[in-house]
file input35.cif (mmCIF, C-alpha atoms)
data_start
#
loop_
_atom_site.label_atom_id
_atom_site.label_comp_id
_atom_site.auth_asym_id
_atom_site.auth_seq_id
_atom_site.Cartn_x
_atom_site.Cartn_y
_atom_site.Cartn_z
CA MET A 949 -15.89 130.72 25.28
CA THR A 950 -14.78 130.46 28.87
CA THR A 951 -17.18 129.06 31.40
CA THR A 952 -16.41 129.65 35.03
CA ALA A 953 -16.75 126.52 37.09
CA PRO A 954 -19.36 126.85 39.86
CA ALA A 955 -17.93 127.23 43.33
CA THR A 956 -18.36 124.23 45.57
CA THR A 957 -19.72 124.44 49.07
CA THR A 958 -19.96 122.07 51.96
CA PRO A 959 -22.93 119.71 51.49
CA THR A 960 -25.89 120.45 53.73
CA THR A 961 -29.00 118.45 54.48
CA ASN A 962 -32.33 119.61 53.09
CA ALA A 963 -35.82 118.95 54.43
CA ASN A 964 -36.18 115.47 52.93
CA GLY A 965 -32.85 114.26 54.29
CA THR A 966 -30.93 114.35 50.96
CA GLN A 967 -27.56 116.10 50.93
CA SER A 968 -27.23 119.16 48.75
CA SER A 969 -24.60 121.77 47.93
CA GLY A 970 -26.18 125.08 47.03
CA ASN A 971 -29.23 125.38 44.79
CA ALA A 972 -27.93 123.07 42.03
CA LEU A 973 -27.36 120.11 44.37
CA GLY A 974 -30.60 120.84 46.17
CA GLN A 975 -32.47 120.17 42.95
CA LEU A 976 -30.73 116.81 42.65
CA SER A 977 -32.85 115.35 45.44
CA SER A 978 -35.85 115.40 43.09
CA ASN A 979 -34.07 114.94 39.75
CA PHE A 980 -30.90 112.88 39.85
CA SER A 981 -30.01 113.43 36.18
CA THR A 982 -29.85 117.22 36.59
CA PHE A 983 -26.45 117.21 38.25
CA LEU A 984 -24.96 114.86 35.67
CA THR A 985 -26.25 117.12 32.88
CA LEU A 986 -24.77 120.19 34.54
CA LEU A 987 -21.42 118.47 35.04
CA THR A 988 -21.10 117.18 31.48
CA THR A 989 -22.16 120.56 30.06
CA GLN A 990 -19.54 122.24 32.18
CA LEU A 991 -16.86 119.86 30.89
CA LYS A 992 -17.86 120.40 27.26
CA ASN A 993 -17.83 124.19 27.55
CA GLN A 994 -14.67 124.69 29.54
CA ASP A 995 -11.76 126.56 28.00
CA PRO A 996 -9.18 123.97 26.76
CA THR A 997 -6.39 126.42 27.61
CA SER A 998 -7.68 126.79 31.13
CA PRO A 999 -9.27 123.49 32.17
CA MET A 1000 -11.14 123.00 35.40
CA ASP A 1001 -8.94 122.64 38.42
CA SER A 1002 -8.51 118.92 39.15
CA ASN A 1003 -9.18 119.36 42.86
CA GLN A 1004 -12.39 121.21 42.14
CA PHE A 1005 -13.46 118.57 39.62
CA THR A 1006 -12.75 115.80 42.12
CA GLN A 1007 -14.79 117.59 44.76
CA GLN A 1008 -17.76 117.79 42.42
CA LEU A 1009 -17.47 114.08 41.64
CA VAL A 1010 -17.42 113.34 45.37
CA GLU A 1011 -20.55 115.43 45.86
CA PHE A 1012 -22.17 113.66 42.93
CA SER A 1013 -21.40 110.29 44.52
CA GLN A 1014 -22.76 111.44 47.90
CA VAL A 1015 -26.01 112.57 46.32
CA GLU A 1016 -26.38 109.28 44.47
CA GLN A 1017 -25.77 107.28 47.63
CA GLN A 1018 -28.22 109.37 49.64
CA ILE A 1019 -30.96 109.04 47.03
CA ASN A 1020 -30.44 105.27 46.91
CA THR A 1021 -30.53 105.13 50.71
CA ASN A 1022 -33.79 107.09 50.85
CA THR A 1023 -35.31 104.86 48.17
CA ASN A 1024 -34.31 101.69 50.01
CA LEU A 1025 -35.59 103.09 53.31
CA GLN A 1026 -38.96 103.92 51.77
CA THR A 1027 -39.13 100.40 50.35
CA LEU A 1028 -38.53 98.95 53.82
CA ILE A 1029 -41.21 101.23 55.32
CA ASN A 1030 -43.70 100.16 52.66
CA GLN A 1031 -42.89 96.50 53.27
CA GLY A 1032 -43.32 96.96 57.03
CA THR A 1033 -46.68 98.66 56.56
CA SER A 1034 -47.84 95.90 54.24
CA GLN A 1035 -46.79 93.20 56.70
CA ALA A 1036 -48.53 95.02 59.56
CA GLY A 1037 -51.71 95.21 57.48
CA THR A 1038 -51.52 91.50 56.71
CA PHE A 1039 -51.01 90.73 60.40
CA ALA A 1040 -53.97 92.94 61.37
CA THR A 1041 -56.37 90.96 59.17
CA ALA A 1042 -56.09 88.11 61.68
CA TYR A 1043 -58.25 90.25 64.00
CA LEU A 1044 -61.19 90.42 61.58
CA GLY A 1045 -64.32 88.82 63.01
CA LYS A 1046 -62.70 88.41 66.42
CA ASN A 1047 -63.81 89.87 69.73
CA VAL A 1048 -60.96 91.77 71.32
CA SER A 1049 -60.43 93.15 74.80
CA ILE A 1050 -59.37 96.80 75.07
CA THR A 1051 -57.72 98.20 78.19
CA ASP A 1052 -57.41 101.93 77.44
CA GLY A 1053 -60.87 102.70 78.86
CA ASN A 1054 -62.47 103.33 75.47
CA ALA A 1055 -65.62 101.63 74.24
CA SER A 1056 -67.91 102.11 71.27
CA LEU A 1057 -71.44 103.33 71.94
CA ILE A 1058 -73.57 101.46 69.39
CA ASN A 1059 -77.33 101.97 69.18
CA GLY A 1060 -77.24 103.64 72.58
CA GLN A 1061 -75.34 100.85 74.33
CA ALA A 1062 -71.77 100.72 75.66
CA ASN A 1063 -70.37 98.11 78.03
CA TRP A 1064 -67.32 98.13 80.29
CA THR A 1065 -65.82 95.89 82.93
CA TYR A 1066 -63.83 97.53 85.72
CA ASN A 1067 -61.77 95.87 88.40
CA LEU A 1068 -61.34 97.07 91.99
CA GLY A 1069 -58.23 95.97 93.83
CA ALA A 1070 -60.16 95.93 97.11
CA ALA A 1071 -63.65 96.50 98.40
CA ALA A 1072 -64.53 100.19 98.22
CA SER A 1073 -66.67 102.47 100.32
CA SER A 1074 -67.50 104.55 97.25
CA THR A 1075 -66.89 104.33 93.51
CA THR A 1076 -67.40 107.06 90.95
CA LEU A 1077 -67.79 106.29 87.24
CA THR A 1078 -67.07 109.08 84.77
CA VAL A 1079 -67.73 108.86 81.02
CA THR A 1080 -66.14 111.35 78.64
CA ASN A 1081 -66.64 111.83 74.91
CA SER A 1082 -63.95 111.97 72.22
CA SER A 1083 -63.34 115.66 73.05
CA GLY A 1084 -62.71 114.89 76.73
CA ALA A 1085 -65.94 116.47 77.96
CA VAL A 1086 -67.78 114.70 80.78
CA VAL A 1087 -71.15 113.40 79.61
CA TYR A 1088 -72.00 111.10 82.50
CA SER A 1089 -70.95 110.69 86.11
CA GLY A 1090 -72.48 108.36 88.68
CA ALA A 1091 -71.90 105.84 91.43
CA GLY A 1092 -70.55 102.41 90.60
CA GLY A 1093 -70.22 99.02 92.23
CA THR A 1094 -67.98 98.66 95.27
CA ALA A 1095 -67.22 94.93 95.35
CA GLN A 1096 -63.64 93.78 95.06
CA GLY A 1097 -62.80 92.26 91.69
CA ASN A 1098 -64.66 92.68 88.41
CA ASN A 1099 -67.73 94.88 88.10
CA SER A 1100 -69.80 95.65 85.00
CA PHE A 1101 -71.12 98.97 83.78
CA ASN A 1102 -73.68 99.00 80.99
CA TRP A 1103 -74.37 102.56 79.83
CA ASN A 1104 -77.48 103.47 77.86
CA GLY A 1105 -76.00 106.59 76.29
CA ILE A 1106 -78.04 109.00 78.41
CA ASP A 1107 -76.05 111.92 79.84
CA ASN A 1108 -76.54 113.58 83.23
CA ASN A 1109 -79.02 116.03 81.70
CA GLY A 1110 -81.23 113.20 80.46
CA ASN A 1111 -80.22 113.66 76.83
CA LYS A 1112 -79.30 110.82 74.50
CA VAL A 1113 -75.76 111.27 73.22
CA PRO A 1114 -74.77 110.22 69.68
CA ASP A 1115 -73.07 106.90 69.02
CA GLY A 1116 -69.29 107.11 69.01
CA THR A 1117 -66.21 106.50 71.12
CA TYR A 1118 -66.50 107.10 74.86
CA LYS A 1119 -64.05 106.56 77.70
CA LEU A 1120 -64.78 105.31 81.21
CA ALA A 1121 -62.69 106.36 84.22
CA VAL A 1122 -63.19 104.79 87.67
CA ALA A 1123 -62.23 106.34 90.99
CA ALA A 1124 -62.65 104.24 94.13
CA GLN A 1125 -61.95 104.95 97.78
CA ALA A 1126 -61.58 102.61 100.75
CA LEU A 1127 -63.18 103.14 104.15
CA ASP A 1128 -60.03 104.85 105.42
CA GLY A 1129 -60.13 107.30 102.50
CA SER A 1130 -57.23 105.75 100.62
CA THR A 1131 -57.38 105.31 96.86
CA ILE A 1132 -58.06 101.84 95.52
CA LYS A 1133 -56.31 100.63 92.41
CA THR A 1134 -58.68 100.22 89.46
CA SER A 1135 -58.53 99.08 85.84
CA VAL A 1136 -61.03 99.35 82.99
CA ALA A 1137 -61.62 97.08 80.00
CA SER A 1138 -64.13 96.76 77.20
CA ALA A 1139 -64.70 94.28 74.40
CA GLY A 1140 -65.89 94.54 70.82
CA LEU A 1141 -66.04 92.79 67.46
CA VAL A 1142 -63.49 93.85 64.85
CA SER A 1143 -65.46 94.49 61.65
CA GLN A 1144 -62.73 95.92 59.41
CA ILE A 1145 -59.16 97.19 59.17
CA ASP A 1146 -58.50 100.84 58.33
CA MET A 1147 -55.16 101.40 56.54
CA SER A 1148 -55.81 104.97 55.37
CA SER A 1149 -53.35 106.44 57.89
CA GLY A 1150 -50.57 104.02 56.92
CA THR A 1151 -50.83 102.26 60.29
CA PRO A 1152 -53.44 99.50 60.78
CA GLN A 1153 -56.41 100.56 62.87
CA LEU A 1154 -58.97 98.05 64.09
CA VAL A 1155 -62.55 99.21 63.54
CA ILE A 1156 -64.97 98.26 66.32
CA GLY A 1157 -68.41 99.73 65.74
CA ASN A 1158 -67.61 103.37 65.02
CA MET A 1159 -64.37 103.31 67.03
CA GLU A 1160 -60.84 102.84 65.69
CA ILE A 1161 -58.02 101.56 67.88
CA PRO A 1162 -54.34 100.68 67.26
CA LEU A 1163 -53.14 97.11 67.64
CA SER A 1164 -51.27 98.14 70.79
CA SER A 1165 -54.58 98.75 72.60
CA VAL A 1166 -55.62 95.10 72.31
CA SER A 1167 -54.92 93.02 75.42
CA ALA A 1168 -56.70 89.79 74.43
CA ILE A 1169 -58.37 88.10 71.44
CA MET A 1170 -61.43 85.92 71.80
CA ASN A 1171 -62.96 83.71 69.12
#

call {"tool": "encode", "arguments": {"input": "input35.cif", "output": "structure tokens"}}
result
Amino acid sequence: MTTTAPATTTPTTNANGTQSSGNALGQLSSNFSTFLTLLTTQLKNQDPTSPMDSNQFTQQLVEFSQVEQQINTNTNLQTLINQGTSQAGTFATAYLGKNVSITDGNASLINGQANWTYNLGAAASSTTLTVTNSSGAVVYSGAGGTAQGNNSFNWNGIDNNGNKVPDGTYKLAVAAQALDGSTIKTSVASAGLVSQIDMSSGTPQLVIGNMEIPLSSVSAIMN
């Protein structure tokens, strides 16, 4: 029985980054032994009077080697990613039980209380404080302190309609103007106790009240 050797094609890259050549090589990315089985079966069933062309056979061996190398590379890369995630999680545990300072404007409203500190680069003629919820909708807007330096804002969770908003993550934005109408530079910070580490997303998230923040949002750690 004569078995026609499958035509070879130029390897391409599939969705998971493993090289493949046609449908047969594409399956190799999930089952490495498939290609070896196909190759040995082809060798056993070839016509002895008309053996496979040596160049074609060599090409298939090259493709086989490329697939093997790519699978090993992907496996090693995944191992490194897993190790990095594990190390990041171990590092994040150092934040447990610590008060941290957050500078992205977010704060956790807990039992109807949220606290921020905002800094004015100069004395202002007027300051407007705006609080938005996790969807970006404005829930509170009002006047703030105008003194140069640090000012505090303690919000009771009551919106501009007099309604109590649910606990959650809220963001404070501060806009300040000088007497001449120019804009004054401002910054906002909040603080909270880290109660747990959430690793469900693969990246450590610090849990403060009912708010989760990445490690990159922490500007200071306080005992």

call {"tool": "resolve_selection", "arguments": {"input": "input35.cif", "expression": "the PyMOL selection byres ((chain A and resi 1125) around 12)", "output": "VMD selection string"}}
result
chain A and resid 1068 to 1076 1091 to 1096 1122 to 1124 1126 to 1134

call {"tool": "write_last_selection", "arguments": {"input": "input35.cif", "atoms": "C-alpha atoms", "output": "PDB file, in the coordinates of the input"}}
result
ATOM      1  CA  LEU A1068     -61.340  97.070  91.990  1.00  0.00           C
ATOM      2  CA  GLY A1069     -58.230  95.970  93.830  1.00  0.00           C
ATOM      3  CA  ALA A1070     -60.160  95.930  97.110  1.00  0.00           C
ATOM      4  CA  ALA A1071     -63.650  96.500  98.400  1.00  0.00           C
ATOM      5  CA  ALA A1072     -64.530 100.190  98.220  1.00  0.00           C
ATOM      6  CA  SER A1073     -66.670 102.470 100.320  1.00  0.00           C
ATOM      7  CA  SER A1074     -67.500 104.550  97.250  1.00  0.00           C
ATOM      8  CA  THR A1075     -66.890 104.330  93.510  1.00  0.00           C
ATOM      9  CA  THR A1076     -67.400 107.060  90.950  1.00  0.00           C
ATOM     10  CA  ALA A1091     -71.900 105.840  91.430  1.00  0.00           C
ATOM     11  CA  GLY A1092     -70.550 102.410  90.600  1.00  0.00           C
ATOM     12  CA  GLY A1093     -70.220  99.020  92.230  1.00  0.00           C
ATOM     13  CA  THR A1094     -67.980  98.660  95.270  1.00  0.00           C
ATOM     14  CA  ALA A1095     -67.220  94.930  95.350  1.00  0.00           C
ATOM     15  CA  GLN A1096     -63.640  93.780  95.060  1.00  0.00           C
ATOM     16  CA  VAL A1122     -63.190 104.790  87.670  1.00  0.00           C
ATOM     17  CA  ALA A1123     -62.230 106.340  90.990  1.00  0.00           C
ATOM     18  CA  ALA A1124     -62.650 104.240  94.130  1.00  0.00           C
ATOM     19  CA  ALA A1126     -61.580 102.610 100.750  1.00  0.00           C
ATOM     20  CA  LEU A1127     -63.180 103.140 104.150  1.00  0.00           C
ATOM     21  CA  ASP A1128     -60.030 104.850 105.420  1.00  0.00           C
ATOM     22  CA  GLY A1129     -60.130 107.300 102.500  1.00  0.00           C
ATOM     23  CA  SER A1130     -57.230 105.750 100.620  1.00  0.00           C
ATOM     24  CA  THR A1131     -57.380 105.310  96.860  1.00  0.00           C
ATOM     25  CA  ILE A1132     -58.060 101.840  95.520  1.00  0.00           C
ATOM     26  CA  LYS A1133     -56.310 100.630  92.410  1.00  0.00           C
ATOM     27  CA  THR A1134     -58.680 100.220  89.460  1.00  0.00           C
TER      28      THR A1134
END

call {"tool": "residues_near_point", "arguments": {"input": "input35.cif", "point": "(-56.8, 91.9, 63.4)", "cutoff": "9 Å", "atoms": "all atoms listed in the file", "output": "PyMOL selection string"}}
result
chain A and resi 1037-1046+1048+1142+1144-1145+1152-1154+1163

call {"tool": "residues_around", "arguments": {"input": "input35.cif", "residues": "Ile1050 (chain A)", "least_positions_apart": "3", "cutoff": "8 Å", "atoms": "only C-alpha atoms", "output": "mmCIF file with C-alpha atoms, keeping the file's coordinate frame"}}
result
data_model
loop_
_atom_site.group_PDB
_atom_site.id
_atom_site.type_symbol
_atom_site.label_atom_id
_atom_site.label_comp_id
_atom_site.auth_asym_id
_atom_site.auth_seq_id
_atom_site.Cartn_x
_atom_site.Cartn_y
_atom_site.Cartn_z
ATOM 1 C CA GLY A 1053 -60.870 102.700 78.860
ATOM 2 C CA ASN A 1054 -62.470 103.330 75.470
ATOM 3 C CA ALA A 1055 -65.620 101.630 74.240
ATOM 4 C CA ALA A 1137 -61.620 97.080 80.000
ATOM 5 C CA SER A 1138 -64.130 96.760 77.200
ATOM 6 C CA ALA A 1139 -64.700 94.280 74.400
ATOM 7 C CA SER A 1165 -54.580 98.750 72.600
ATOM 8 C CA VAL A 1166 -55.620 95.100 72.310
ATOM 9 C CA SER A 1167 -54.920 93.020 75.420
ATOM 10 C CA ALA A 1168 -56.700 89.790 74.430
#

call {"tool": "atom_distance", "arguments": {"input": "input35.cif", "atom1": "CA of Gly1060 (chain A)", "atom2": "CA of Asn1111 (chain A)"}}
result
11.3 Å

call {"tool": "resolve_selection", "arguments": {"input": "input35.cif", "expression": "the PyMOL selection byres ((chain A and resi 1077-1079) around 12)", "output": "PDB file with C-alpha atoms, in the frame of the given file"}}
result
ATOM      1  CA  GLY A1053     -60.870 102.700  78.860  1.00  0.00           C
ATOM      2  CA  ASN A1054     -62.470 103.330  75.470  1.00  0.00           C
ATOM      3  CA  ALA A1055     -65.620 101.630  74.240  1.00  0.00           C
ATOM      4  CA  SER A1056     -67.910 102.110  71.270  1.00  0.00           C
ATOM      5  CA  LEU A1057     -71.440 103.330  71.940  1.00  0.00           C
ATOM      6  CA  ALA A1062     -71.770 100.720  75.660  1.00  0.00           C
ATOM      7  CA  ASN A1063     -70.370  98.110  78.030  1.00  0.00           C
ATOM      8  CA  TRP A1064     -67.320  98.130  80.290  1.00  0.00           C
ATOM      9  CA  THR A1065     -65.820  95.890  82.930  1.00  0.00           C
ATOM     10  CA  TYR A1066     -63.830  97.530  85.720  1.00  0.00           C
ATOM     11  CA  SER A1074     -67.500 104.550  97.250  1.00  0.00           C
ATOM     12  CA  THR A1075     -66.890 104.330  93.510  1.00  0.00           C
ATOM     13  CA  THR A1076     -67.400 107.060  90.950  1.00  0.00           C
ATOM     14  CA  THR A1080     -66.140 111.350  78.640  1.00  0.00           C
ATOM     15  CA  ASN A1081     -66.640 111.830  74.910  1.00  0.00           C
ATOM     16  CA  SER A1082     -63.950 111.970  72.220  1.00  0.00           C
ATOM     17  CA  SER A1083     -63.340 115.660  73.050  1.00  0.00           C
ATOM     18  CA  GLY A1084     -62.710 114.890  76.730  1.00  0.00           C
ATOM     19  CA  ALA A1085     -65.940 116.470  77.960  1.00  0.00           C
ATOM     20  CA  VAL A1086     -67.780 114.700  80.780  1.00  0.00           C
ATOM     21  CA  VAL A1087     -71.150 113.400  79.610  1.00  0.00           C
ATOM     22  CA  TYR A1088     -72.000 111.100  82.500  1.00  0.00           C
ATOM     23  CA  SER A1089     -70.950 110.690  86.110  1.00  0.00           C
ATOM     24  CA  GLY A1090     -72.480 108.360  88.680  1.00  0.00           C
ATOM     25  CA  ALA A1091     -71.900 105.840  91.430  1.00  0.00           C
ATOM     26  CA  GLY A1092     -70.550 102.410  90.600  1.00  0.00           C
ATOM     27  CA  GLY A1093     -70.220  99.020  92.230  1.00  0.00           C
ATOM     28  CA  THR A1094     -67.980  98.660  95.270  1.00  0.00           C
ATOM     29  CA  ASN A1099     -67.730  94.880  88.100  1.00  0.00           C
ATOM     30  CA  SER A1100     -69.800  95.650  85.000  1.00  0.00           C
ATOM     31  CA  PHE A1101     -71.120  98.970  83.780  1.00  0.00           C
ATOM     32  CA  ASN A1102     -73.680  99.000  80.990  1.00  0.00           C
ATOM     33  CA  TRP A1103     -74.370 102.560  79.830  1.00  0.00           C
ATOM     34  CA  ASN A1104     -77.480 103.470  77.860  1.00  0.00           C
ATOM     35  CA  GLY A1105     -76.000 106.590  76.290  1.00  0.00           C
ATOM     36  CA  ILE A1106     -78.040 109.000  78.410  1.00  0.00           C
ATOM     37  CA  ASP A1107     -76.050 111.920  79.840  1.00  0.00           C
ATOM     38  CA  ASN A1108     -76.540 113.580  83.230  1.00  0.00           C
ATOM     39  CA  VAL A1113     -75.760 111.270  73.220  1.00  0.00           C
ATOM     40  CA  THR A1117     -66.210 106.500  71.120  1.00  0.00           C
ATOM     41  CA  TYR A1118     -66.500 107.100  74.860  1.00  0.00           C
ATOM     42  CA  LYS A1119     -64.050 106.560  77.700  1.00  0.00           C
ATOM     43  CA  LEU A1120     -64.780 105.310  81.210  1.00  0.00           C
ATOM     44  CA  ALA A1121     -62.690 106.360  84.220  1.00  0.00           C
ATOM     45  CA  VAL A1122     -63.190 104.790  87.670  1.00  0.00           C
ATOM     46  CA  ALA A1123     -62.230 106.340  90.990  1.00  0.00           C
ATOM     47  CA  ALA A1124     -62.650 104.240  94.130  1.00  0.00           C
ATOM     48  CA  THR A1134     -58.680 100.220  89.460  1.00  0.00           C
ATOM     49  CA  SER A1135     -58.530  99.080  85.840  1.00  0.00           C
ATOM     50  CA  VAL A1136     -61.030  99.350  82.990  1.00  0.00           C
TER      51      VAL A1136
END

call {"tool": "atom_distance", "arguments": {"input": "input35.cif", "atom1": "CA of Pro1114 (chain A)", "atom2": "CA of Leu1141 (chain A)"}}
result
19.6 Å

call {"tool": "closest_residue", "arguments": {"input": "input35.cif", "among": "A:Lys992, A:Met1170, A:Ser1149, A:Gly1116", "to": "Ile1058 (chain A)", "atoms": "all atoms listed in the file"}}
result
A:Gly1116

call {"tool": "atom_distance", "arguments": {"input": "input35.cif", "atom1": "CA of Met1159 (chain A)", "atom2": "CA of Asp1146 (chain A)"}}
result
10.8 Å
